[in-house]
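Source file: protein-v2.tsv. Holds: TSV, C-alpha atoms.
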```tsv
chain	number	residue	atom	x	y	z
Y	1	MET	CA	21.90	-11.47	16.37
Y	2	ALA	CA	21.70	-10.74	12.68
Y	3	ASP	CA	24.97	-10.51	10.81
Y	4	LEU	CA	24.50	-7.05	9.31
Y	5	LYS	CA	27.26	-5.63	7.14
Y	6	TYR	CA	28.20	-1.98	7.10
Y	7	ALA	CA	30.25	0.07	4.65
Y	8	SER	CA	30.97	3.69	3.76
Y	9	MET	CA	28.66	5.71	1.51
Y	10	GLU	CA	31.34	5.65	-1.21
Y	11	GLU	CA	31.69	1.88	-1.06
Y	12	ILE	CA	27.91	1.42	-1.24
Y	13	LYS	CA	27.55	3.97	-4.06
Y	14	ALA	CA	29.98	1.85	-6.09
Y	15	LEU	CA	27.50	-1.05	-5.87
Y	16	GLU	CA	24.73	0.79	-7.76
Y	17	GLY	CA	23.60	-1.34	-10.67
Y	18	LYS	CA	24.40	-4.64	-8.94
Y	19	LYS	CA	21.81	-7.21	-10.03
Y	20	ARG	CA	20.65	-10.64	-9.03
Y	21	GLU	CA	18.19	-12.91	-10.76
Y	22	GLU	CA	15.97	-15.53	-9.25
Y	23	SER	CA	13.07	-17.67	-10.34
Y	24	MET	CA	10.27	-19.33	-8.47
Y	25	GLU	CA	7.08	-21.16	-9.27
Y	26	ILE	CA	4.09	-19.65	-7.50
Y	27	ASP	CA	1.97	-22.57	-6.37
Y	28	GLN	CA	-1.38	-22.73	-4.57
Y	29	HIS	CA	0.31	-23.66	-1.28
Y	30	MET	CA	2.24	-20.36	-1.30
Y	31	ILE	CA	-0.98	-18.50	-2.03
Y	32	ASN	CA	-2.75	-20.28	0.83
Y	33	LEU	CA	0.01	-19.44	3.34
Y	34	TYR	CA	-0.26	-15.81	2.30
Y	35	THR	CA	-4.05	-15.52	2.41
Y	36	ASP	CA	-4.27	-17.44	5.71
Y	37	CYS	CA	-1.76	-15.05	7.26
Y	38	ILE	CA	-3.45	-11.82	6.24
Y	39	GLY	CA	-6.98	-13.21	6.66
Y	40	ASP	CA	-8.15	-12.86	3.06
Y	41	PRO	CA	-10.85	-15.46	2.30
Y	42	ASN	CA	-11.60	-14.10	-1.21
Y	43	PRO	CA	-12.48	-17.17	-3.35
Y	44	MET	CA	-10.70	-15.55	-6.32
Y	45	TRP	CA	-7.40	-16.65	-4.80
Y	46	LYS	CA	-8.06	-20.27	-5.75
Y	47	GLY	CA	-5.97	-20.32	-8.89
Y	48	ILE	CA	-5.27	-16.59	-9.18
Y	49	VAL	CA	-2.27	-15.06	-7.42
Y	50	PRO	CA	-3.33	-12.13	-5.20
Y	51	PRO	CA	-1.36	-9.00	-6.18
Y	52	GLY	CA	-0.36	-8.66	-2.55
Y	53	LEU	CA	1.80	-11.75	-2.88
Y	54	ILE	CA	3.97	-9.80	-5.35
Y	55	THR	CA	4.58	-7.25	-2.58
Y	56	THR	CA	6.15	-9.82	-0.26
Y	57	ALA	CA	9.83	-9.98	0.56
Y	58	MET	CA	10.37	-13.30	-1.20
Y	59	ILE	CA	9.32	-11.70	-4.49
Y	60	SER	CA	9.95	-7.97	-4.12
Y	61	GLY	CA	12.56	-8.06	-1.37
Y	62	GLY	CA	15.67	-7.44	-3.39
Y	63	ALA	CA	17.07	-5.61	-0.39
Y	64	MET	CA	17.55	-8.88	1.41
Y	65	THR	CA	19.01	-10.87	-1.47
Y	66	LEU	CA	21.58	-8.52	-3.01
Y	67	GLY	CA	23.71	-8.33	0.13
Y	68	ILE	CA	24.27	-4.57	-0.09
Y	69	PRO	CA	25.87	-3.30	3.15
Y	70	LEU	CA	24.21	-0.56	5.17
Y	71	PRO	CA	25.72	2.89	5.67
Y	72	HIS	CA	24.30	3.58	9.14
Y	73	LYS	CA	23.32	1.65	12.27
Y	74	ARG	CA	19.52	1.78	12.01
Y	75	SER	CA	17.63	0.81	8.89
Y	76	VAL	CA	13.92	0.50	8.15
Y	77	ALA	CA	11.71	0.16	5.09
Y	78	ALA	CA	10.74	3.69	4.00
Y	79	GLY	CA	8.32	2.97	1.18
Y	80	ALA	CA	7.49	0.92	-1.86
Y	81	ASP	CA	5.76	1.16	-5.24
Y	82	TRP	CA	4.32	-1.59	-7.36
Y	83	ASP	CA	3.04	-1.53	-10.95
Y	84	PHE	CA	0.94	-4.55	-11.82
Y	85	TYR	CA	0.73	-5.26	-15.57
Y	86	LYS	CA	-0.64	-8.78	-15.88
Y	87	PRO	CA	-2.36	-11.18	-13.50
Y	88	LEU	CA	-0.48	-14.30	-12.43
Y	89	LYS	CA	-1.99	-17.75	-12.02
Y	90	ALA	CA	-1.03	-20.54	-9.66
Y	91	GLY	CA	1.61	-22.63	-11.43
Y	92	ASP	CA	3.18	-19.66	-13.23
Y	93	THR	CA	6.93	-19.22	-12.85
Y	94	LEU	CA	8.16	-15.79	-11.93
Y	95	HIS	CA	11.59	-14.65	-13.09
Y	96	THR	CA	12.74	-11.62	-11.11
Y	97	THR	CA	15.71	-9.33	-11.63
Y	98	HIS	CA	16.59	-7.36	-8.50
Y	99	GLU	CA	18.77	-4.29	-8.89
Y	100	PHE	CA	20.37	-2.02	-6.33
Y	101	PHE	CA	19.26	1.09	-8.20
Y	102	GLU	CA	20.73	3.99	-6.26
Y	103	LEU	CA	21.97	5.37	-2.96
Y	104	GLN	CA	20.76	8.85	-2.02
Y	105	ASP	CA	22.53	10.82	0.70
Y	106	LYS	CA	19.90	12.66	2.76
Y	107	SER	CA	22.15	13.64	5.66
Y	108	SER	CA	21.44	16.96	7.35
Y	109	GLU	CA	22.28	18.83	10.55
Y	110	LYS	CA	19.96	16.33	12.26
Y	111	GLY	CA	22.36	13.52	11.46
Y	112	PRO	CA	23.33	10.95	8.85
Y	113	ARG	CA	20.54	9.59	6.66
Y	114	ALA	CA	20.50	7.70	3.37
Y	115	LEU	CA	17.91	6.18	1.09
Y	116	MET	CA	18.71	2.89	-0.64
Y	117	VAL	CA	16.49	2.30	-3.68
Y	118	TYR	CA	15.97	-1.19	-5.11
Y	119	LYS	CA	14.06	-2.09	-8.28
Y	120	SER	CA	12.73	-5.52	-9.12
Y	121	THR	CA	11.33	-6.50	-12.51
Y	122	HIS	CA	9.11	-9.57	-12.52
Y	123	LYS	CA	8.47	-11.58	-15.72
Y	124	ASN	CA	6.36	-14.65	-16.26
Y	125	GLN	CA	7.47	-17.85	-17.98
Y	126	ASN	CA	6.60	-16.28	-21.35
Y	127	GLY	CA	8.99	-13.38	-20.79
Y	128	GLU	CA	6.15	-10.87	-20.24
Y	129	VAL	CA	6.68	-8.23	-17.56
Y	130	VAL	CA	3.91	-8.83	-15.02
Y	131	ALA	CA	5.01	-6.34	-12.35
Y	132	VAL	CA	7.73	-3.90	-11.39
Y	133	SER	CA	8.41	-3.09	-7.76
Y	134	THR	CA	10.54	-0.38	-6.18
Y	135	ASN	CA	11.56	-0.59	-2.53
Y	136	THR	CA	13.28	2.11	-0.51
Y	137	ILE	CA	15.22	1.44	2.67
Y	138	MET	CA	16.09	4.32	4.99
Y	139	SER	CA	19.36	3.97	6.89
Y	140	TYR	CA	20.15	6.46	9.64
G	1	MET	CA	-18.49	-10.60	-3.34
G	2	ALA	CA	-20.33	-7.80	-5.18
G	3	GLN	CA	-18.82	-6.40	-8.36
G	4	LEU	CA	-18.05	-2.66	-8.35
G	5	PHE	CA	-18.63	-0.81	-11.63
G	6	PHE	CA	-16.89	2.35	-12.87
G	7	ASP	CA	-20.26	4.10	-13.18
G	8	GLU	CA	-20.90	3.65	-9.43
G	9	VAL	CA	-17.68	5.37	-8.35
G	10	LYS	CA	-17.69	9.05	-7.42
G	11	GLU	CA	-14.71	11.26	-6.64
G	12	GLY	CA	-14.54	11.84	-2.88
G	13	MET	CA	-16.30	8.59	-1.95
G	14	ASP	CA	-14.85	6.47	0.83
G	15	LEU	CA	-13.65	2.91	0.29
G	16	PRO	CA	-15.14	0.34	2.67
G	17	GLY	CA	-12.85	0.24	5.71
G	18	MET	CA	-11.14	-2.76	7.25
G	19	GLU	CA	-9.60	-3.59	10.62
G	20	LYS	CA	-6.66	-5.88	11.33
G	21	THR	CA	-4.91	-6.76	14.57
G	22	PRO	CA	-1.65	-8.55	13.75
G	23	THR	CA	-0.33	-10.53	16.69
G	24	THR	CA	3.11	-11.98	17.38
G	25	LYS	CA	1.80	-15.18	15.79
G	26	THR	CA	0.79	-13.20	12.68
G	27	LEU	CA	4.35	-11.87	12.37
G	28	VAL	CA	5.74	-15.41	12.58
G	29	GLN	CA	3.23	-16.55	9.94
G	30	TRP	CA	4.16	-13.56	7.78
G	31	ALA	CA	7.87	-14.32	8.03
G	32	GLY	CA	7.20	-17.81	6.71
G	33	ALA	CA	4.61	-16.85	4.10
G	34	SER	CA	6.53	-13.88	2.75
G	35	GLY	CA	10.15	-14.90	3.24
G	36	ASP	CA	10.98	-11.89	5.42
G	37	TYR	CA	13.13	-13.16	8.29
G	38	PHE	CA	14.57	-9.80	9.34
G	39	GLU	CA	15.14	-10.08	13.12
G	40	LEU	CA	13.57	-6.66	13.73
G	41	HIS	CA	10.19	-8.40	13.47
G	42	TYR	CA	10.65	-11.17	16.07
G	43	ASP	CA	13.83	-10.72	18.13
G	44	LYS	CA	13.28	-8.33	21.08
G	45	ASP	CA	17.00	-7.89	21.82
G	46	PHE	CA	17.73	-7.16	18.17
G	47	ALA	CA	14.82	-4.70	17.93
G	48	GLN	CA	16.06	-2.90	21.05
G	49	SER	CA	19.59	-2.77	19.64
G	50	MET	CA	18.09	-0.82	16.73
G	51	GLY	CA	16.35	1.60	19.09
G	52	PHE	CA	12.86	0.11	19.04
G	53	PRO	CA	11.04	-0.93	22.22
G	54	GLY	CA	10.35	-4.35	20.71
G	55	PRO	CA	9.62	-6.16	17.44
G	56	ILE	CA	7.58	-4.10	14.95
G	57	VAL	CA	4.94	-5.14	12.44
G	58	HIS	CA	6.36	-5.62	8.93
G	59	GLY	CA	5.60	-2.65	6.67
G	60	ARG	CA	5.04	-5.10	3.84
G	61	LEU	CA	2.34	-6.85	5.89
G	62	GLU	CA	0.54	-3.51	6.15
G	63	ALA	CA	0.98	-3.12	2.38
G	64	ALA	CA	-0.50	-6.59	1.88
G	65	TYR	CA	-3.51	-5.59	4.01
G	66	LEU	CA	-3.94	-2.54	1.74
G	67	THR	CA	-3.97	-4.74	-1.37
G	68	GLN	CA	-6.78	-6.72	0.28
G	69	LEU	CA	-8.69	-3.51	1.01
G	70	LEU	CA	-8.48	-2.70	-2.71
G	71	THR	CA	-9.15	-6.14	-4.18
G	72	ASP	CA	-12.16	-6.61	-1.88
G	73	TRP	CA	-13.52	-3.27	-3.11
G	74	ILE	CA	-12.96	-3.68	-6.88
G	75	GLY	CA	-14.31	-7.23	-7.14
G	76	GLU	CA	-13.42	-10.04	-9.51
G	77	LYS	CA	-13.48	-7.94	-12.68
G	78	GLY	CA	-11.49	-5.04	-11.29
G	79	GLN	CA	-7.72	-4.90	-11.49
G	80	LEU	CA	-5.17	-3.36	-9.17
G	81	LYS	CA	-2.82	-1.48	-11.52
G	82	LYS	CA	-0.54	0.44	-9.19
G	83	MET	CA	0.07	0.94	-5.49
G	84	SER	CA	2.53	3.08	-3.55
G	85	VAL	CA	3.06	3.24	0.20
G	86	GLN	CA	5.25	5.21	2.56
G	87	TYR	CA	6.18	3.69	5.90
G	88	ARG	CA	6.01	6.65	8.30
G	89	GLY	CA	5.34	5.02	11.62
G	90	ASN	CA	5.47	1.72	13.40
G	91	ALA	CA	2.88	-0.67	14.75
G	92	PHE	CA	3.51	-3.29	17.39
G	93	PRO	CA	1.97	-6.76	17.76
G	94	GLY	CA	-1.51	-6.50	19.27
G	95	ASN	CA	-2.18	-2.97	17.98
G	96	LYS	CA	-5.48	-2.63	16.12
G	97	LEU	CA	-4.88	-1.23	12.62
G	98	THR	CA	-7.60	0.60	10.71
G	99	LEU	CA	-7.40	0.65	6.91
G	100	GLY	CA	-9.27	3.03	4.67
G	101	GLY	CA	-9.25	4.95	1.44
G	102	LYS	CA	-10.89	7.67	-0.59
G	103	VAL	CA	-11.43	8.12	-4.34
G	104	THR	CA	-9.46	11.11	-5.60
G	105	LYS	CA	-9.99	10.89	-9.38
G	106	LYS	CA	-11.76	8.84	-12.03
G	107	TYR	CA	-11.01	8.95	-15.74
G	108	THR	CA	-10.82	6.89	-18.91
G	109	GLU	CA	-7.46	6.41	-20.61
G	110	ASP	CA	-6.49	4.10	-23.47
G	111	GLY	CA	-9.87	2.43	-23.18
G	112	GLN	CA	-9.46	1.68	-19.49
G	113	ASN	CA	-11.72	2.97	-16.73
G	114	LEU	CA	-9.26	4.10	-14.08
G	115	VAL	CA	-9.82	5.22	-10.50
G	116	GLU	CA	-7.18	6.81	-8.29
G	117	CYS	CA	-7.43	6.53	-4.52
G	118	GLN	CA	-5.66	7.67	-1.41
G	119	ILE	CA	-5.21	4.76	0.96
G	120	TRP	CA	-3.93	4.50	4.50
G	121	VAL	CA	-3.25	2.38	7.54
G	122	LYS	CA	-3.87	4.07	10.91
G	123	ASN	CA	-2.56	2.69	14.19
G	124	HIS	CA	-4.48	2.21	17.44
G	125	GLU	CA	-3.91	5.92	18.26
G	126	ASP	CA	-5.52	6.98	14.95
G	127	LYS	CA	-2.13	8.06	13.59
G	128	GLU	CA	-1.62	7.49	9.85
G	129	ILE	CA	1.43	5.24	9.83
G	130	THR	CA	1.27	3.93	6.26
G	131	PRO	CA	-0.28	6.35	3.77
G	132	GLY	CA	-0.27	5.60	0.07
G	133	SER	CA	-2.06	5.77	-3.23
G	134	ALA	CA	-3.43	3.31	-5.76
G	135	ILE	CA	-4.85	3.10	-9.26
G	136	VAL	CA	-7.43	0.45	-10.14
G	137	SER	CA	-9.35	-0.33	-13.30
G	138	LEU	CA	-13.03	-1.17	-13.24
G	139	PRO	CA	-15.56	-2.56	-15.71
G	140	SER	CA	-18.48	-0.51	-17.03
G	141	LYS	CA	-22.05	-1.69	-16.54
```
Please express the file's structure as structure tokens.
Amino acid sequence: MADLKYASMEEIKALEGKKREESMEIDQHMINLYTDCIGDPNPMWKGIVPPGLITTAMISGGAMTLGIPLPHKRSVAAGADWDFYKPLKAGDTLHTTHEFFELQDKSSEKGPRALMVYKSTHKNQNGEVVAVSTNTIMSY
Amino acid sequence: MAQLFFDEVKEGMDLPGMEKTPTTKTLVQWAGASGDYFELHYDKDFAQSMGFPGPIVHGRLEAAYLTQLLTDWIGEKGQLKKMSVQYRGNAFPGNKLTLGGKVTKKYTEDGQNLVECQIWVKNHEDKEITPGSAIVSLPSK
């Protein structure tokens, strides 16, 4: 059973702005695992990083790495946005800053509901922003 | 893979569709390839404790399929600039997913030929479970 942490809305609200940085080299093996899984034989992905790899949890999944507790029992991914600014090549190193951006209380007469918004800014080894991703988790 | 050109795109045209049937094995592969080890996607007891009948397909896997739909369509010289998705329903391992899209707008801005599209993933019951939008850039002939 997963060790999920829970906290009050106030306690979670106080964590807005919490950040975590991580870096990883994107190598061809990672690309191959990704393209094999989704069934994408496009020959472009020999040397070029498919933009879909930026959407994966290991790169855009700040929700899992910041350790922000959940306000309610059930939680699912509600949506995500990605802006892609520059292509990445195999061998590039990605430096990502994850931020717990905000907690929105969406509770109603139907019950408790909250949106947890995370933003991740991805830079390459030259300090250029290559992508920005926003992920929203719904807890209810 | 054929190259798509801006001149060939018309507002209202459909993107070439795609079908995917992620299995339990696919979800295990995805966990490893993407780094998403949330138990909701492989642990039946955990999924049921969260109110689901069983493990569900990762929303991000559906998003990854949508990026493939777009990159297959725009070809080597096209670029995916932006994509948004909303996760509104769940799919379960073995369900056939149907991906599609439609061009909603084409325009030139700051020297770039841009095309906006609606995109979606439908489940095996033809319900739109992951709708979204995207902007791509395309070369001129």
At most 7 Å is the cut-off: for each residue in chain G with any atom that close to an atom of chain Y, write down the nearest atom pair and the distance in Å rounded to one decimal, counting all atoms listed in the file, chain first then increasing number, as JSON lines.
```
{"residue": "G:Thr26", "atom": "CA", "partner": "Y:Cys37", "partner_atom": "CA", "distance": 6.3}
{"residue": "G:Gln29", "atom": "CA", "partner": "Y:Cys37", "partner_atom": "CA", "distance": 5.9}
{"residue": "G:Trp30", "atom": "CA", "partner": "Y:Cys37", "partner_atom": "CA", "distance": 6.1}
{"residue": "G:Ala33", "atom": "CA", "partner": "Y:Tyr34", "partner_atom": "CA", "distance": 5.3}
{"residue": "G:Ser34", "atom": "CA", "partner": "Y:Thr56", "partner_atom": "CA", "distance": 5.1}
{"residue": "G:Gly35", "atom": "CA", "partner": "Y:Met58", "partner_atom": "CA", "distance": 4.7}
{"residue": "G:Asp36", "atom": "CA", "partner": "Y:Ala57", "partner_atom": "CA", "distance": 5.3}
{"residue": "G:Glu39", "atom": "CA", "partner": "Y:Ala2", "partner_atom": "CA", "distance": 6.6}
{"residue": "G:Phe46", "atom": "CA", "partner": "Y:Met1", "partner_atom": "CA", "distance": 6.3}
{"residue": "G:Met50", "atom": "CA", "partner": "Y:Arg74", "partner_atom": "CA", "distance": 5.6}
{"residue": "G:Gly59", "atom": "CA", "partner": "Y:Ala77", "partner_atom": "CA", "distance": 6.9}
{"residue": "G:Arg60", "atom": "CA", "partner": "Y:Thr56", "partner_atom": "CA", "distance": 6.3}
{"residue": "G:Ala64", "atom": "CA", "partner": "Y:Gly52", "partner_atom": "CA", "distance": 4.9}
{"residue": "G:Tyr65", "atom": "CA", "partner": "Y:Ile38", "partner_atom": "CA", "distance": 6.6}
{"residue": "G:Thr67", "atom": "CA", "partner": "Y:Gly52", "partner_atom": "CA", "distance": 5.5}
{"residue": "G:Gln68", "atom": "CA", "partner": "Y:Asp40", "partner_atom": "CA", "distance": 6.9}
{"residue": "G:Glu76", "atom": "CA", "partner": "Y:Met44", "partner_atom": "CA", "distance": 6.9}
{"residue": "G:Leu80", "atom": "CA", "partner": "Y:Phe84", "partner_atom": "CA", "distance": 6.8}
{"residue": "G:Lys81", "atom": "CA", "partner": "Y:Phe84", "partner_atom": "CA", "distance": 4.9}
{"residue": "G:Lys82", "atom": "CA", "partner": "Y:Asp83", "partner_atom": "CA", "distance": 4.4}
{"residue": "G:Met83", "atom": "CA", "partner": "Y:Trp82", "partner_atom": "CA", "distance": 5.3}
{"residue": "G:Ser84", "atom": "CA", "partner": "Y:Asp81", "partner_atom": "CA", "distance": 4.1}
{"residue": "G:Val85", "atom": "CA", "partner": "Y:Gly79", "partner_atom": "CA", "distance": 5.4}
{"residue": "G:Gln86", "atom": "CA", "partner": "Y:Gly79", "partner_atom": "CA", "distance": 4.0}
{"residue": "G:Tyr87", "atom": "CA", "partner": "Y:Ala78", "partner_atom": "CA", "distance": 4.9}
```
Take the selection from the previous step and output its residues with C-alpha atoms, as an mmCIF file, keeping the file's coordinate frame.
```
data_model
loop_
_atom_site.group_PDB
_atom_site.id
_atom_site.type_symbol
_atom_site.label_atom_id
_atom_site.label_comp_id
_atom_site.auth_asym_id
_atom_site.auth_seq_id
_atom_site.Cartn_x
_atom_site.Cartn_y
_atom_site.Cartn_z
ATOM 1 C CA THR G 26 0.790 -13.200 12.680
ATOM 2 C CA GLN G 29 3.230 -16.550 9.940
ATOM 3 C CA TRP G 30 4.160 -13.560 7.780
ATOM 4 C CA ALA G 33 4.610 -16.850 4.100
ATOM 5 C CA SER G 34 6.530 -13.880 2.750
ATOM 6 C CA GLY G 35 10.150 -14.900 3.240
ATOM 7 C CA ASP G 36 10.980 -11.890 5.420
ATOM 8 C CA GLU G 39 15.140 -10.080 13.120
ATOM 9 C CA PHE G 46 17.730 -7.160 18.170
ATOM 10 C CA MET G 50 18.090 -0.820 16.730
ATOM 11 C CA GLY G 59 5.600 -2.650 6.670
ATOM 12 C CA ARG G 60 5.040 -5.100 3.840
ATOM 13 C CA ALA G 64 -0.500 -6.590 1.880
ATOM 14 C CA TYR G 65 -3.510 -5.590 4.010
ATOM 15 C CA THR G 67 -3.970 -4.740 -1.370
ATOM 16 C CA GLN G 68 -6.780 -6.720 0.280
ATOM 17 C CA GLU G 76 -13.420 -10.040 -9.510
ATOM 18 C CA LEU G 80 -5.170 -3.360 -9.170
ATOM 19 C CA LYS G 81 -2.820 -1.480 -11.520
ATOM 20 C CA LYS G 82 -0.540 0.440 -9.190
ATOM 21 C CA MET G 83 0.070 0.940 -5.490
ATOM 22 C CA SER G 84 2.530 3.080 -3.550
ATOM 23 C CA VAL G 85 3.060 3.240 0.200
ATOM 24 C CA GLN G 86 5.250 5.210 2.560
ATOM 25 C CA TYR G 87 6.180 3.690 5.900
#
```
| said: Could you list, as a list of chain:residue names, every residue within 12 Å of Ser8 of chain Y, counting all atoms listed in the file and ignoring same-chain residues fewer than 4 positions away? | reply: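 Final neighbour list, sorted by chain and number: Y:Ile12, Y:Lys13, Y:Ala14, Y:Leu15, Y:Ile68, Y:Pro69, Y:Leu70, Y:Pro71, Y:His72, Y:Lys73, Y:Leu103, Y:Asp105, Y:Pro112, Y:Ala114.
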| task | Using only C-alpha atoms, pick whichever of G:Pro16, G:Gly100, G:Gly54, G:Gly78 has the shortest atom-to-atom distance to Gly132 of chain G. | result | G:Gly100
| said: If we count all atoms listed in the file and set the cut-off at 8 Å, which residues sit around segment 18-23 of chain Y, ignoring sequence neighbours fewer than 6 positions away in its own chain? Please answer as a PyMOL selection string. | reply: chain Y and resi 65-66+93-101
| task | Figure out the distance between atom CA of Asp7 of chain G and atom CA of Ser140 of chain G, please, to one decimal in Å. | result | 6.3 Å
| field | Separation of atom CA of Thr130 of chain G from atom CA of Thr104 of chain G in Å | value | 17.5 Å
| Atom-to-atom span, atom CA of Ile26 of chain Y and atom CA of Lys46 of chain Y, Å |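 Result for atom CA of Ile26 of chain Y versus atom CA of Lys46 of chain Y: 12.3 Å, one decimal.
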| said: Distance cut-off 12 Å, centre (5.8, -18.7, -21.4) in file coordinates, counting all atoms listed in the file: which residues qualify? Return them as a list in words. | reply: Leu88, Gly91, Asp92, Thr93, Leu94, His95, Lys123, Asn124, Gln125, Asn126, Gly127, Glu128, Val129 and Val130 of chain Y
| said: Set the distance at 12 Å and use all atoms listed in the file: which residues neighbour Lys127 of chain G once local chain neighbours fewer than 4 positions away are removed? I'd like the list as a list in words. | reply: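 Residues near the query, excluding close chain neighbours: Arg88, Gly89, Asn90, Ala91, Asn95, Lys96, Leu97, Thr98, Leu99, Trp120, Val121, Lys122, Asn123 and Pro131 of chain G.
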How would the residues just picked look written out with C-alpha atoms as a CSV table (one decimal), in the coordinates of the input?
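Written output follows (out_4.csv):
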```
chain,number,residue,atom,x,y,z
G,88,ARG,CA,6.0,6.6,8.3
G,89,GLY,CA,5.3,5.0,11.6
G,90,ASN,CA,5.5,1.7,13.4
G,91,ALA,CA,2.9,-0.7,14.8
G,95,ASN,CA,-2.2,-3.0,18.0
G,96,LYS,CA,-5.5,-2.6,16.1
G,97,LEU,CA,-4.9,-1.2,12.6
G,98,THR,CA,-7.6,0.6,10.7
G,99,LEU,CA,-7.4,0.6,6.9
G,120,TRP,CA,-3.9,4.5,4.5
G,121,VAL,CA,-3.2,2.4,7.5
G,122,LYS,CA,-3.9,4.1,10.9
G,123,ASN,CA,-2.6,2.7,14.2
G,131,PRO,CA,-0.3,6.4,3.8
```
